[in-house]
Amino acid sequence: MSNRTFSDAVADPYDAPPLSFTDREDRTIEVRAYDGSDEEMEALVEMYDAFDPSDRAQGIPPGREDRIRDWLENILDEDCLNVIAWDGDEVAGHATLVPDGDAYELAIFVHQTYQRAGIGTRLIKALLGYGRVSGVEKVWLTVERWNRAAVGLYQTVGFETSDAESFELEMTIRLAEPPDEEGG
């Protein structure tokens, strides 16, 4: 259990996948929940293998195919929630919620070819919508404080800074009311 602080206010509702939209580059992007198929796993490996090393943060995604596969096996586990943004048969981005005690940790990755097109915002919102309908109450993430684009994205979606004492910011969001506690 951590001593993370979460707002008492519940975030706005988000649409859960599947959903589609047109990005700023006029591409039709479809966001779907990960289906567990070998085809989707291979498409994710391909995206992460081509991921720009300068876009890696906090050591992820890993840089070699064998490490990518090991990492994906962990975050694609049945206890995790995953959504993928597709441009036809190509993965444009991937976001995951990984259980961590009484909350879930969020991680998001958008391939460099698809960045700054509005995909990250839609991908996070779809993941949070999927989380809410799956019973997730609280979500947190860490982001390097110098990464202003990511910090701005998370704030736009509704995350609030809960810890700013290191080179990373910890941000949190509440997706649902806490269960009623008698005599609390």
# chains A, B, ... in the order shown; residues from 1 in each chain; ligands from 1
>>> residues_around(residues="segment 16-28 of chain A", least_positions_apart="4", cutoff="7 Å", atoms="only C-alpha atoms", output="MDAnalysis selection string")
chainID A and resid 32:33 87 117:119 126:127 129:130
>>> residues_around(residues="Glu42 of chain A", least_positions_apart="6", cutoff="12 Å", atoms="only C-alpha atoms", output="count of residues only")
12
>>> select_by_dssp(residues="segment 115-145 of chain A", states="helix (DSSP H, G or I)", output="list in words")
Ile119, Gly120, Thr121, Arg122, Leu123, Ile124, Lys125, Ala126, Leu127, Leu128, Gly129, Tyr130, Gly131, Arg132 and Val133 of chain A
>>> select_by_dssp(residues="chain A", states="strand (DSSP E)", output="PyMOL selection string")
chain A and resi 19-22+28-33+81-87+90-100+103-110+138-144+160-163+168-174
>>> write_last_selection(atoms="C-alpha atoms", output="tab-separated table (two decimals), in the first residue's frame")
chain	number	residue	atom	x	y	z
A	19	LEU	CA	-14.20	3.70	-30.76
A	20	SER	CA	-12.83	5.44	-33.80
A	21	PHE	CA	-11.89	9.01	-34.69
A	22	THR	CA	-10.01	11.04	-37.30
A	28	THR	CA	-8.92	7.09	-39.23
A	29	ILE	CA	-7.76	5.66	-35.91
A	30	GLU	CA	-9.59	2.84	-34.17
A	31	VAL	CA	-9.07	2.17	-30.46
A	32	ARG	CA	-9.83	-1.37	-29.29
A	33	ALA	CA	-9.19	-3.39	-26.17
A	81	LEU	CA	-6.13	-3.61	-18.98
A	82	ASN	CA	-4.76	-2.72	-22.42
A	83	VAL	CA	-6.00	-0.68	-25.35
A	84	ILE	CA	-4.41	-0.28	-28.76
A	85	ALA	CA	-4.78	2.54	-31.28
A	86	TRP	CA	-4.83	1.17	-34.83
A	87	ASP	CA	-4.24	2.87	-38.18
A	90	GLU	CA	-0.55	-0.78	-37.96
A	91	VAL	CA	-0.28	-0.02	-34.24
A	92	ALA	CA	-0.17	3.73	-33.66
A	93	GLY	CA	-0.14	3.53	-29.85
A	94	HIS	CA	-0.73	1.39	-26.81
A	95	ALA	CA	-1.82	2.17	-23.25
A	96	THR	CA	-2.01	-0.09	-20.21
A	97	LEU	CA	-3.33	-0.12	-16.65
A	98	VAL	CA	-1.27	-2.39	-14.40
A	99	PRO	CA	-2.64	-3.32	-10.95
A	100	ASP	CA	-0.63	-1.90	-8.06
A	103	ALA	CA	-4.87	1.38	-7.64
A	104	TYR	CA	-3.61	0.90	-11.20
A	105	GLU	CA	-0.50	2.38	-12.80
A	106	LEU	CA	-0.98	3.88	-16.25
A	107	ALA	CA	1.60	3.79	-19.04
A	108	ILE	CA	1.06	5.07	-22.57
A	109	PHE	CA	3.18	4.91	-25.71
A	110	VAL	CA	2.48	6.54	-29.06
A	138	LYS	CA	-7.97	4.89	-8.87
A	139	VAL	CA	-5.15	5.39	-11.39
A	140	TRP	CA	-1.68	6.86	-11.00
A	141	LEU	CA	1.35	7.49	-13.17
A	142	THR	CA	4.78	9.03	-13.05
A	143	VAL	CA	6.18	11.39	-15.63
A	144	GLU	CA	9.53	13.12	-15.93
A	160	GLU	CA	-3.64	16.00	-10.74
A	161	THR	CA	-0.11	16.17	-9.37
A	162	SER	CA	0.08	14.27	-6.08
A	163	ASP	CA	3.85	14.26	-5.51
A	168	GLU	CA	9.47	12.80	-11.62
A	169	LEU	CA	5.95	13.97	-10.99
A	170	GLU	CA	3.42	11.52	-9.63
A	171	MET	CA	-0.08	12.21	-10.92
A	172	THR	CA	-3.38	10.61	-9.92
A	173	ILE	CA	-7.02	10.45	-10.98
A	174	ARG	CA	-10.13	8.92	-9.41
>>> atom_distance(atom1="atom CA of Gly152 of chain A", atom2="atom CA of Val10 of chain A")
19.3 Å
